[in-house]
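The data block below is protein.cif; it holds mmCIF, C-alpha atoms and all ligand atoms.
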```
data_my_file
#
loop_
_atom_site.label_atom_id
_atom_site.label_comp_id
_atom_site.auth_asym_id
_atom_site.auth_seq_id
_atom_site.Cartn_x
_atom_site.Cartn_y
_atom_site.Cartn_z
CA MET A 4 -8.20 -40.58 20.10
CA SER A 5 -6.51 -43.71 18.79
CA LEU A 6 -4.57 -43.42 15.52
CA LEU A 7 -4.14 -45.98 12.73
CA LEU A 8 -0.91 -45.52 10.76
CA THR A 9 -1.01 -47.05 7.30
CA GLY A 10 1.15 -46.84 4.17
CA ILE A 11 4.15 -48.33 5.97
CA ALA A 12 6.19 -50.13 3.32
CA GLU A 13 8.49 -51.64 5.93
CA LEU A 14 8.20 -51.61 9.71
CA THR A 15 11.19 -52.45 11.89
CA THR A 16 9.77 -53.77 15.17
CA ASN A 17 12.94 -55.08 16.88
CA ASP A 18 10.57 -57.80 18.11
CA PRO A 19 12.20 -61.22 18.01
CA ALA A 20 8.73 -62.81 17.88
CA ARG A 21 8.25 -61.18 14.47
CA GLY A 22 11.73 -62.18 13.35
CA ASP A 23 10.72 -65.82 13.08
CA GLY A 24 10.21 -67.05 9.60
CA HIS A 25 12.42 -64.46 7.87
CA ALA A 26 14.95 -65.99 5.49
CA ASP A 27 16.89 -62.70 5.43
CA ARG A 28 19.15 -62.40 8.51
CA GLY A 29 18.73 -58.66 8.71
CA ASP A 30 14.95 -58.86 8.53
CA ALA A 31 14.97 -61.53 11.23
CA LEU A 32 17.16 -59.41 13.52
CA LEU A 33 14.93 -56.37 13.05
CA GLY A 34 11.61 -58.22 13.16
CA VAL A 35 10.59 -56.58 9.87
CA VAL A 36 6.93 -56.46 8.82
CA ARG A 37 6.25 -55.38 5.22
CA ASP A 38 3.10 -53.47 4.19
CA ALA A 39 2.45 -52.90 7.85
CA ALA A 40 0.03 -50.89 9.96
CA LEU A 41 0.18 -49.70 13.51
CA VAL A 42 -2.42 -48.49 16.00
CA VAL A 43 -1.34 -45.96 18.64
CA SER A 44 -3.58 -45.39 21.66
CA ALA A 45 -4.65 -41.98 22.94
CA ASP A 46 -1.94 -42.17 25.61
CA GLY A 47 0.83 -42.80 23.08
CA LEU A 48 1.25 -46.55 23.46
CA VAL A 49 1.41 -49.07 20.65
CA GLU A 50 -1.91 -50.90 20.68
CA TRP A 51 -1.64 -53.12 17.62
CA VAL A 52 1.07 -53.99 15.04
CA GLY A 53 0.75 -56.19 11.98
CA PRO A 54 0.07 -56.51 8.26
CA ALA A 55 -2.05 -53.65 6.91
CA ASP A 56 -4.72 -55.97 5.53
CA GLU A 57 -5.44 -57.21 9.06
CA ALA A 58 -5.49 -53.80 10.75
CA PRO A 59 -8.36 -52.96 13.10
CA ASP A 60 -10.21 -49.64 13.01
CA ALA A 61 -9.16 -46.60 15.02
CA ASP A 62 -10.57 -43.13 15.68
CA THR A 63 -8.31 -41.46 13.12
CA ARG A 64 -5.88 -42.63 10.44
CA ARG A 65 -2.76 -41.32 8.74
CA ASP A 66 -1.24 -42.67 5.53
CA LEU A 67 2.57 -42.56 5.51
CA GLY A 68 2.74 -42.97 1.75
CA GLY A 69 4.96 -46.03 1.42
CA ARG A 70 7.66 -44.93 3.85
CA ALA A 71 9.67 -47.09 6.24
CA VAL A 72 9.04 -46.78 9.96
CA ILE A 73 11.65 -47.68 12.57
CA PRO A 74 11.92 -47.38 16.35
CA GLY A 75 13.20 -43.91 17.21
CA PHE A 76 16.97 -43.89 17.70
CA VAL A 77 18.20 -44.18 21.29
CA ASP A 78 21.31 -42.02 21.59
CA SER A 79 22.80 -43.53 24.72
CA HIS A 80 25.94 -41.36 24.93
CA THR A 81 25.95 -37.57 24.64
CA HIS A 82 27.45 -34.53 26.37
CA LEU A 83 24.87 -31.90 25.40
CA VAL A 84 25.32 -29.47 28.32
CA PHE A 85 28.15 -27.21 27.19
CA ALA A 86 28.83 -23.71 25.96
CA GLY A 87 31.65 -22.32 23.84
CA ASP A 88 33.22 -23.20 20.52
CA ARG A 89 36.11 -25.58 19.72
CA SER A 90 35.90 -25.66 15.96
CA ALA A 91 39.53 -24.47 15.68
CA GLU A 92 40.60 -27.55 17.66
CA PHE A 93 38.77 -29.73 15.12
CA ALA A 94 40.45 -27.93 12.24
CA ALA A 95 43.86 -28.44 13.84
CA ARG A 96 43.17 -32.16 14.25
CA MET A 97 42.33 -32.48 10.60
CA THR A 98 45.85 -31.32 9.79
CA GLY A 99 47.52 -33.66 12.27
CA THR A 100 47.23 -32.38 15.85
CA PRO A 101 46.26 -35.38 18.00
CA TYR A 102 43.38 -35.34 20.51
CA ASP A 103 44.48 -35.62 24.15
CA GLY A 104 41.50 -34.35 26.17
CA GLY A 105 43.19 -31.01 26.93
CA GLY A 106 40.49 -29.07 25.10
CA ILE A 107 37.86 -30.15 27.62
CA ALA A 108 39.11 -27.35 29.91
CA VAL A 109 38.10 -24.81 27.23
CA SER A 110 34.51 -26.10 27.31
CA VAL A 111 34.56 -26.20 31.11
CA ALA A 112 35.50 -22.51 31.30
CA ALA A 113 32.79 -21.53 28.78
CA THR A 114 30.16 -23.68 30.48
CA ARG A 115 30.89 -22.26 33.93
CA ALA A 116 30.58 -18.75 32.50
CA ALA A 117 27.21 -19.40 30.82
CA SER A 118 23.89 -18.58 32.52
CA ASP A 119 21.32 -21.28 33.26
CA ASP A 120 19.10 -19.96 30.51
CA GLU A 121 21.92 -19.95 27.97
CA LEU A 122 22.73 -23.58 28.76
CA ARG A 123 19.05 -24.50 28.70
CA ALA A 124 18.64 -22.96 25.25
CA LEU A 125 21.73 -24.73 23.92
CA VAL A 126 20.52 -28.11 25.20
CA ALA A 127 17.01 -27.55 23.81
CA ALA A 128 18.40 -26.69 20.38
CA ARG A 129 20.60 -29.81 20.36
CA VAL A 130 17.72 -32.08 21.40
CA ALA A 131 15.54 -30.57 18.66
CA GLU A 132 18.33 -31.12 16.14
CA MET A 133 18.47 -34.77 17.18
CA ARG A 134 14.70 -35.27 16.93
CA ALA A 135 14.83 -33.84 13.45
CA GLN A 136 17.25 -36.70 12.61
CA GLY A 137 15.21 -39.53 14.16
CA THR A 138 16.42 -39.63 17.77
CA THR A 139 13.58 -39.92 20.28
CA THR A 140 15.52 -40.89 23.43
CA VAL A 141 18.73 -39.30 24.63
CA GLU A 142 21.18 -39.85 27.47
CA ILE A 143 22.96 -36.70 28.64
CA LYS A 144 26.11 -36.48 30.77
CA SER A 145 27.35 -33.67 32.94
CA GLY A 146 31.12 -33.16 32.90
CA TYR A 147 31.74 -29.58 31.75
CA GLY A 148 31.06 -28.08 35.19
CA LEU A 149 33.54 -29.93 37.40
CA THR A 150 32.64 -27.97 40.54
CA LEU A 151 29.91 -29.21 42.85
CA ASP A 152 27.52 -26.42 41.88
CA ASP A 153 28.31 -26.55 38.17
CA GLU A 154 27.88 -30.34 37.99
CA LEU A 155 24.55 -30.14 39.82
CA ARG A 156 23.43 -27.36 37.50
CA SER A 157 24.34 -29.40 34.41
CA LEU A 158 22.45 -32.43 35.70
CA ARG A 159 19.38 -30.35 36.56
CA ILE A 160 19.30 -28.81 33.10
CA ALA A 161 19.78 -32.23 31.49
CA ARG A 162 16.97 -33.65 33.66
CA GLU A 163 14.58 -31.09 32.25
CA VAL A 164 14.78 -32.91 28.90
CA THR A 165 15.53 -36.57 29.79
CA SER A 166 15.44 -39.01 32.67
CA HIS A 167 18.61 -40.64 31.31
CA THR A 168 21.17 -38.38 32.96
CA THR A 169 24.71 -39.37 33.86
CA PHE A 170 27.01 -37.81 36.46
CA LEU A 171 30.42 -37.32 34.80
CA GLY A 172 32.21 -35.28 37.46
CA ALA A 173 35.13 -37.57 36.59
CA HIS A 174 35.42 -36.30 33.04
CA VAL A 175 38.86 -34.79 33.60
CA VAL A 176 40.76 -33.35 36.55
CA PRO A 177 39.97 -29.61 36.30
CA PRO A 178 42.93 -27.23 36.04
CA GLU A 179 42.57 -25.99 39.65
CA TYR A 180 43.21 -29.56 40.90
CA ALA A 181 46.03 -30.41 38.46
CA SER A 182 48.60 -30.61 41.26
CA ASP A 183 46.35 -32.65 43.57
CA ARG A 184 44.46 -35.28 41.61
CA ALA A 185 43.62 -37.29 44.73
CA ALA A 186 41.78 -34.30 46.18
CA TYR A 187 39.63 -34.10 43.06
CA VAL A 188 38.80 -37.83 43.20
CA ASP A 189 37.82 -37.25 46.86
CA LEU A 190 35.58 -34.36 45.81
CA VAL A 191 33.85 -36.45 43.13
CA THR A 192 33.33 -39.50 45.33
CA GLY A 193 32.45 -37.46 48.42
CA PRO A 194 30.65 -34.11 48.34
CA MET A 195 29.69 -34.19 44.64
CA LEU A 196 28.27 -37.71 44.73
CA ASP A 197 26.50 -36.96 48.01
CA ALA A 198 24.87 -33.90 46.48
CA VAL A 199 23.90 -35.73 43.28
CA THR A 200 22.15 -38.47 45.29
CA ALA A 201 20.90 -36.29 48.18
CA ASP A 202 17.23 -36.52 47.21
CA GLY A 203 17.41 -40.25 46.43
CA PRO A 204 19.92 -42.32 44.47
CA THR A 205 18.57 -41.52 41.01
CA SER A 206 16.81 -38.23 41.70
CA LEU A 207 19.26 -36.30 39.54
CA ALA A 208 21.40 -38.91 37.77
CA GLU A 209 20.62 -42.42 36.60
CA SER A 210 24.28 -43.38 36.08
CA ILE A 211 27.84 -42.40 36.88
CA ASP A 212 30.55 -42.34 34.22
CA VAL A 213 34.33 -41.86 34.22
CA PHE A 214 36.84 -41.03 31.47
CA CYS A 215 39.25 -43.91 32.19
CA GLU A 216 42.20 -43.14 29.97
CA PRO A 217 45.83 -43.52 31.04
CA HIS A 218 46.86 -42.05 27.65
CA SER A 219 45.47 -38.64 28.61
CA ALA A 220 47.19 -36.60 31.32
CA HIS A 221 43.81 -35.06 32.14
CA ALA A 222 41.69 -38.22 32.51
CA PHE A 223 41.68 -40.99 35.13
CA ASP A 224 43.78 -44.13 35.41
CA GLY A 225 42.39 -47.58 36.20
CA ASP A 226 42.74 -47.26 39.97
CA GLU A 227 41.12 -43.82 40.09
CA ALA A 228 38.33 -45.03 37.81
CA ARG A 229 37.69 -48.05 40.03
CA THR A 230 37.43 -45.84 43.11
CA ILE A 231 34.96 -43.54 41.37
CA LEU A 232 32.80 -46.32 39.91
CA GLU A 233 32.67 -48.27 43.16
CA ALA A 234 31.57 -45.13 45.00
CA GLY A 235 28.89 -44.50 42.40
CA ARG A 236 27.66 -48.06 42.60
CA ALA A 237 27.51 -47.90 46.40
CA ALA A 238 25.43 -44.73 46.07
CA GLY A 239 22.92 -46.57 43.87
CA LEU A 240 23.90 -45.40 40.39
CA ALA A 241 24.26 -47.54 37.29
CA LEU A 242 27.77 -47.55 35.80
CA ARG A 243 29.03 -46.34 32.43
CA VAL A 244 32.68 -45.98 31.35
CA HIS A 245 34.61 -44.10 28.68
CA GLY A 246 37.22 -46.76 27.95
CA ASN A 247 40.03 -47.60 25.53
CA GLN A 248 39.48 -44.44 23.48
CA LEU A 249 43.05 -43.20 22.93
CA GLY A 250 44.95 -46.46 23.33
CA PRO A 251 44.85 -49.86 25.00
CA GLY A 252 44.01 -49.64 28.69
CA PRO A 253 42.09 -50.95 31.67
CA GLY A 254 38.69 -49.31 31.00
CA VAL A 255 36.93 -52.13 29.15
CA ARG A 256 37.95 -54.88 31.56
CA LEU A 257 37.11 -52.71 34.57
CA ALA A 258 33.64 -51.97 33.17
CA CYS A 259 32.98 -55.67 32.57
CA GLU A 260 34.30 -56.64 36.01
CA LEU A 261 32.08 -54.09 37.76
CA GLY A 262 28.99 -54.96 35.72
CA ALA A 263 28.71 -51.56 34.02
CA ARG A 264 25.73 -51.12 31.70
CA SER A 265 28.00 -49.83 28.99
CA VAL A 266 31.62 -49.23 28.09
CA ASP A 267 31.94 -46.65 25.38
CA HIS A 268 34.45 -45.92 22.58
CA CYS A 269 36.26 -49.34 22.62
CA THR A 270 38.56 -48.01 19.91
CA PHE A 271 41.69 -49.91 21.01
CA LEU A 272 40.86 -53.46 22.14
CA ASP A 273 43.06 -56.49 22.65
CA ASP A 274 41.92 -60.11 22.75
CA ALA A 275 41.40 -60.07 26.51
CA ASP A 276 39.11 -57.04 26.18
CA VAL A 277 37.01 -58.77 23.53
CA GLU A 278 36.81 -61.91 25.67
CA ALA A 279 35.73 -59.87 28.69
CA LEU A 280 33.03 -58.13 26.64
CA ALA A 281 31.76 -61.41 25.21
CA ALA A 282 31.60 -62.91 28.70
CA ALA A 283 29.71 -59.82 29.90
CA ARG A 284 27.05 -60.19 27.20
CA GLY A 285 23.62 -59.44 28.63
CA THR A 286 25.12 -57.08 31.24
CA THR A 287 27.71 -54.80 29.63
CA VAL A 288 27.21 -53.33 26.18
CA ALA A 289 30.12 -52.10 24.03
CA THR A 290 28.94 -48.73 22.72
CA LEU A 291 30.81 -47.72 19.58
CA LEU A 292 30.98 -44.03 18.67
CA PRO A 293 32.26 -43.83 15.08
CA GLY A 294 31.63 -40.10 14.84
CA VAL A 295 34.56 -39.79 17.27
CA GLU A 296 36.94 -41.77 15.08
CA PHE A 297 35.79 -39.60 12.15
CA SER A 298 36.32 -36.32 14.03
CA THR A 299 39.63 -37.27 15.64
CA ARG A 300 41.16 -39.08 12.64
CA SER A 301 41.42 -42.30 14.64
CA PRO A 302 41.16 -45.90 13.46
CA TYR A 303 37.63 -47.33 13.60
CA PRO A 304 36.96 -50.23 15.98
CA ASP A 305 36.15 -53.55 14.33
CA GLY A 306 32.41 -53.80 14.92
CA ARG A 307 32.21 -56.94 12.79
CA ALA A 308 34.75 -58.79 14.95
CA LEU A 309 32.95 -57.73 18.14
CA ILE A 310 29.57 -58.95 16.93
CA ASP A 311 31.10 -62.19 15.66
CA ALA A 312 32.71 -62.69 19.08
CA GLY A 313 29.28 -62.46 20.70
CA VAL A 314 29.56 -58.92 22.11
CA ASP A 315 26.46 -56.72 22.51
CA VAL A 316 27.30 -53.75 20.28
CA ALA A 317 25.47 -50.41 20.51
CA LEU A 318 25.96 -47.24 18.46
CA ALA A 319 25.63 -43.69 19.78
CA SER A 320 26.71 -40.20 18.70
CA ASP A 321 28.85 -39.00 21.64
CA CYS A 322 27.71 -35.52 20.60
CA ASN A 323 30.21 -33.23 22.39
CA PRO A 324 32.23 -30.11 21.53
CA GLY A 325 35.59 -31.91 21.36
CA THR A 326 35.74 -35.32 19.76
CA CYS A 327 32.47 -35.28 17.79
CA TYR A 328 30.16 -32.33 17.38
CA SER A 329 27.70 -34.38 15.37
CA SER A 330 24.33 -35.29 16.84
CA SER A 331 23.51 -37.51 13.88
CA ILE A 332 22.74 -41.18 14.46
CA PRO A 333 22.22 -41.72 10.71
CA PHE A 334 25.82 -40.53 10.26
CA ALA A 335 26.99 -43.02 12.92
CA ILE A 336 25.04 -45.78 11.16
CA ALA A 337 26.59 -44.92 7.80
CA LEU A 338 30.09 -45.00 9.32
CA ALA A 339 29.40 -48.31 11.08
CA VAL A 340 28.33 -49.85 7.79
CA ARG A 341 31.07 -48.33 5.64
CA GLU A 342 34.00 -48.47 8.08
CA MET A 343 33.23 -51.04 10.79
CA GLY A 344 31.92 -54.03 8.89
CA MET A 345 28.43 -53.92 10.35
CA THR A 346 25.43 -54.73 8.18
CA PRO A 347 22.76 -52.02 7.83
CA ALA A 348 20.44 -54.17 9.96
CA GLU A 349 23.07 -54.63 12.69
CA ALA A 350 23.78 -50.90 12.71
CA LEU A 351 20.09 -50.00 13.05
CA HIS A 352 19.62 -52.63 15.77
CA ALA A 353 22.69 -51.26 17.58
CA ALA A 354 21.31 -47.69 17.52
CA THR A 355 17.88 -48.72 18.80
CA ALA A 356 17.49 -52.06 20.60
CA VAL A 357 21.02 -52.39 22.01
CA SER A 358 21.59 -48.74 22.92
CA ALA A 359 18.17 -48.85 24.62
CA ARG A 360 19.21 -51.89 26.65
CA SER A 361 22.26 -49.99 27.88
CA LEU A 362 19.81 -47.49 29.40
CA GLY A 363 17.62 -50.21 30.87
CA LEU A 364 14.97 -49.69 28.16
CA ASP A 365 13.10 -51.98 25.78
CA ARG A 366 12.93 -50.46 22.29
CA ARG A 367 10.54 -52.80 20.48
CA ILE A 368 7.51 -51.70 18.54
CA ALA A 369 5.05 -54.02 20.22
CA PRO A 370 1.72 -53.69 22.03
CA GLY A 371 2.12 -51.87 25.33
CA GLN A 372 5.39 -50.15 24.35
CA PRO A 373 5.60 -46.35 23.95
CA ALA A 374 5.14 -45.37 20.30
CA GLU A 375 8.61 -43.80 19.95
CA LEU A 376 8.90 -43.92 16.18
CA ALA A 377 10.90 -42.46 13.34
CA VAL A 378 9.92 -42.31 9.70
CA ILE A 379 12.21 -42.55 6.67
CA ASP A 380 11.48 -40.90 3.32
CA ALA A 381 12.33 -44.18 1.61
CA PRO A 382 10.84 -47.66 1.35
CA SER A 383 13.43 -49.40 3.56
CA HIS A 384 15.89 -48.83 6.40
CA LEU A 385 18.76 -49.65 4.00
CA HIS A 386 18.50 -46.06 2.80
CA LEU A 387 19.86 -44.77 6.14
CA ALA A 388 23.41 -45.75 5.16
CA TYR A 389 22.80 -45.81 1.39
CA ARG A 390 21.77 -42.13 1.36
CA ALA A 391 24.44 -40.98 3.80
CA GLY A 392 24.27 -37.29 4.61
CA VAL A 393 20.75 -36.83 3.20
CA PRO A 394 18.11 -35.77 5.76
CA ILE A 395 15.59 -38.55 5.10
CA VAL A 396 14.77 -39.63 8.67
CA ARG A 397 13.01 -37.77 11.49
CA ALA A 398 11.11 -38.55 14.68
CA LEU A 399 7.42 -39.14 13.96
CA ASP A 400 5.23 -36.59 15.72
CA LEU A 401 1.94 -38.24 16.58
O1 LIG A 501 33.52 -38.91 24.82
N1 LIG A 501 36.64 -38.69 26.03
C1 LIG A 501 36.08 -38.00 26.83
N2 LIG A 501 35.04 -37.20 26.65
C2 LIG A 501 34.48 -36.86 25.38
C3 LIG A 501 35.19 -35.73 24.73
C4 LIG A 501 35.08 -34.50 25.50
C5 LIG A 501 35.67 -33.27 24.87
O2 LIG A 501 36.71 -33.31 24.20
O3 LIG A 501 35.08 -32.19 25.09
C6 LIG A 501 34.37 -38.07 24.50
O4 LIG A 501 35.09 -38.24 23.52
FE FE A 502 31.79 -39.23 25.62
#
```
How would this structure read if it were set down as structure tokens?
Amino acid sequence: MSLLLTGIAELTTNDPARGDGHADRGDALLGVVRDAALVVSADGLVEWVGPADEAPDADTRRDLGGRAVIPGFVDSHTHLVFAGDRSAEFAARMTGTPYDGGGIAVSVAATRAASDDELRALVAARVAEMRAQGTTTVEIKSGYGLTLDDELRSLRIAREVTSHTTFLGAHVVPPEYASDRAAYVDLVTGPMLDAVTADGPTSLAESIDVFCEPHSAHAFDGDEARTILEAGRAAGLALRVHGNQLGPGPGVRLACELGARSVDHCTFLDDADVEALAAARGTTVATLLPGVEFSTRSPYPDGRALIDAGVDVALASDCNPGTCYSSSIPFAIALAVREMGMTPAEALHAATAVSARSLGLDRRIAPGQPAELAVIDAPSHLHLAYRAGVPIVRALDL
């Protein structure tokens, strides 16, 4: 049965074709249609979009009562497969203890000790929590297993809820390899990668990621990260990088050089990094994760300067037990607007269209596209940041 959605005060389509003719820059960027209607086909695809007074008939109709409708958020960076609790580490950071990646080992131990069903239930609860806040697409990384079997298990459990899975065996060097880092890099690029791609390059993981961070004793330096990313690319995986999170470093430039889909964090950038990102526009997205700066008491990256330099900027949650146990994209949007100089329209675009592109997806509301929608209990998307902390947005169940 096809469904006609009416009562949409403002529809964000992310469709550049609908952006034409808008005097307002934000409306143009978002392809806003006011007093809109939408027809969704029986198989969940958008069939028609436009002004309500031109809407065709459908089998059924639903009136959204003057709410705003947006594309569902695409959270392109999360670590949802973990067990255990690190709230004390967060509390210590709030009184001055810096983050150095050492706490990851705590989550690794708890995750290894958890049963498949426990992990499955934790992931399901986190995905449901995200949907309840407007996220309809999620990327999930492994990285709290760090043995061949535990990494495969994490990826399998992640694959049960999303096709956008990322192999992060190179999250940190696990404690048992602390005295032989090279052996761990060999394990990741050899047996682990072979197992991840055994049934076909993307049968279990779409991408490979590495925590490239010379400022952490636990993470990987530029040379190690290059080895890992090149091996992943040769095995047929797309590339993602955790880069420049704790200080200046090689991650951003390496990601751009290797044609990664995304380099994430980008907290400490110099001019050469910004130039590399601008030159990589269309290939490599800079994914900003302001929930991390919030939860680690770090300086926020300058989103305004990146956009003005011509960089593709995405926003994601980085939901993880260490640096940001928030699954909320509306929170990330509010921080981007308040702390990073992004306009509300840029922040929404970054958390939908641009984050989608970093996963190889098209997140427009246009005929033929999946009807992945979120609805806001407010007449415009401006309320996402304006009403920070208030649960006004959720995925629209059709
Ligand atoms: O994206 N920086 C590396 N990994 C995660 C944090 C992981 C953790 O502390 O558990 C991040 O910030
Ligand atoms: Fe991360």
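Considering all atoms listed in the file, every residue of the polymer chains approaching ligand FE 502 (chain A) to 8 Å or closer is listed here: His80, Thr81, His82, Phe214, His245, Asp267, His268, Asp321, Cys322 and Asn323 of chain A.
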* **atom CA of Val188 of chain A to atom CA of Pro324 of chain A, straight-line distance in Å** => 23.9 Å
* For atom CA of Ser383 of chain A and atom CA of Arg284 of chain A, the interatomic separation in Å (one decimal) -> 29.3 Å
Where's the centre, and what are the edge lengths in Å to one decimal, of a box along x, y and z enclosing all listed atoms of segment 355-372 of chain A padded 8 Å per side, as AutoDock Vina command-line options?
```
--center_x 12.0 --center_y -50.8 --center_z 24.7 --size_x 36.5 --size_y 22.5 --size_z 28.3
```
* Structure fact -> One decimal place gives the atom CA of Gly47 of chain A-atom CA of Pro394 of chain A separation as 25.5 Å
What are the closest atom pairs, with distances in Å to one decimal, for all residues of chain A lying within 9 Å of ligand LIG 501 (chain A)? Consider all atoms listed in the file, order rows by chain and residue number, and present the result as a tab-separated table.
```
residue	atom	partner	partner_atom	distance
A:His80	CA	A:LIG501	O1	8.0
A:Thr81	CA	A:LIG501	O1	7.7
A:His82	CA	A:LIG501	C2	7.5
A:Phe85	CA	A:LIG501	O3	8.8
A:Arg89	CA	A:LIG501	O3	8.6
A:Tyr102	CA	A:LIG501	O2	7.9
A:Asp103	CA	A:LIG501	O2	8.1
A:Gly104	CA	A:LIG501	O2	5.3
A:Gly105	CA	A:LIG501	O2	7.4
A:Gly106	CA	A:LIG501	O2	5.8
A:Ile107	CA	A:LIG501	O3	4.3
A:Ala108	CA	A:LIG501	O3	7.9
A:Val109	CA	A:LIG501	O3	8.3
A:Ser110	CA	A:LIG501	O3	6.5
A:Val111	CA	A:LIG501	O3	8.5
A:Gly146	CA	A:LIG501	N2	8.4
A:Tyr147	CA	A:LIG501	O3	7.9
A:His174	CA	A:LIG501	N2	6.5
A:Val175	CA	A:LIG501	C1	8.0
A:Val213	CA	A:LIG501	C1	8.5
A:Phe214	CA	A:LIG501	C1	5.6
A:Cys215	CA	A:LIG501	N1	8.5
A:Glu216	CA	A:LIG501	N1	8.1
A:Ala222	CA	A:LIG501	C1	8.0
A:His245	CA	A:LIG501	N1	6.4
A:Gly246	CA	A:LIG501	N1	8.3
A:Gln248	CA	A:LIG501	N1	6.9
A:Leu249	CA	A:LIG501	N1	8.4
A:Asp267	CA	A:LIG501	O1	7.9
A:His268	CA	A:LIG501	O1	7.4
A:Leu292	CA	A:LIG501	O1	8.4
A:Val295	CA	A:LIG501	O4	6.5
A:Asp321	CA	A:LIG501	O1	5.7
A:Cys322	CA	A:LIG501	O1	7.9
A:Asn323	CA	A:LIG501	O3	5.7
A:Pro324	CA	A:LIG501	O3	5.0
A:Gly325	CA	A:LIG501	O2	3.4
A:Thr326	CA	A:LIG501	O4	4.8
A:Cys327	CA	A:LIG501	O4	7.0
```
* Using all atoms listed in the file, determine which residues lie at most 6 Å from segment 340-345 of chain A, disregarding the query and same-chain residues fewer than 5 positions distant; provide the list as a VMD selection string. => chain A and resid 305 to 307
* Which neighbours of Gly371 of chain A fall inside 7 Å, counting all atoms listed in the file, when residues of the same chain fewer than 5 positions from it are skipped, and could you give them as a list in words? ->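 Answer for this query is Leu48, Val49 and Glu50 of chain A.
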* To do: For segment 123-140 of chain A, work out the shell of residues within 9 Å, counting only C-alpha atoms and skipping chain neighbours fewer than 5 positions away, then give it as a PyMOL selection string.
  => chain A and resi 74-79+83-86+118+160-161+163-165+167+330-333+359+375-379+394-399
* Asked: Counting only C-alpha atoms, what is within 12 Å of Gly69 of chain A, bar same-chain residues fewer than 4 positions away, as a PyMOL selection string?
  -> chain A and resi 8-14+37-40+55+65+378-383
* **Residue contacts of segment 235-241 of chain A (12 Å, only C-alpha atoms) excluding same-chain residues fewer than 5 positions away, as an MDAnalysis selection string** => chainID A and resid 167:173 188 191:193 195:213 228:230 258 261:266 286:287 361:363
* To do: Anything within 9 Å of (24.1, -50.1, 13.9): list those residues as a PyMOL selection string, counting all atoms listed in the file and sticking to the file's coordinates.
  => chain A and resi 316-319+335-337+339-340+345-355+357
* Structure fact -> Using only C-alpha atoms, the best pick from A:Ser5, A:Glu121, A:His386, A:Val36 as closest to Pro59 of chain A would be A:Ser5
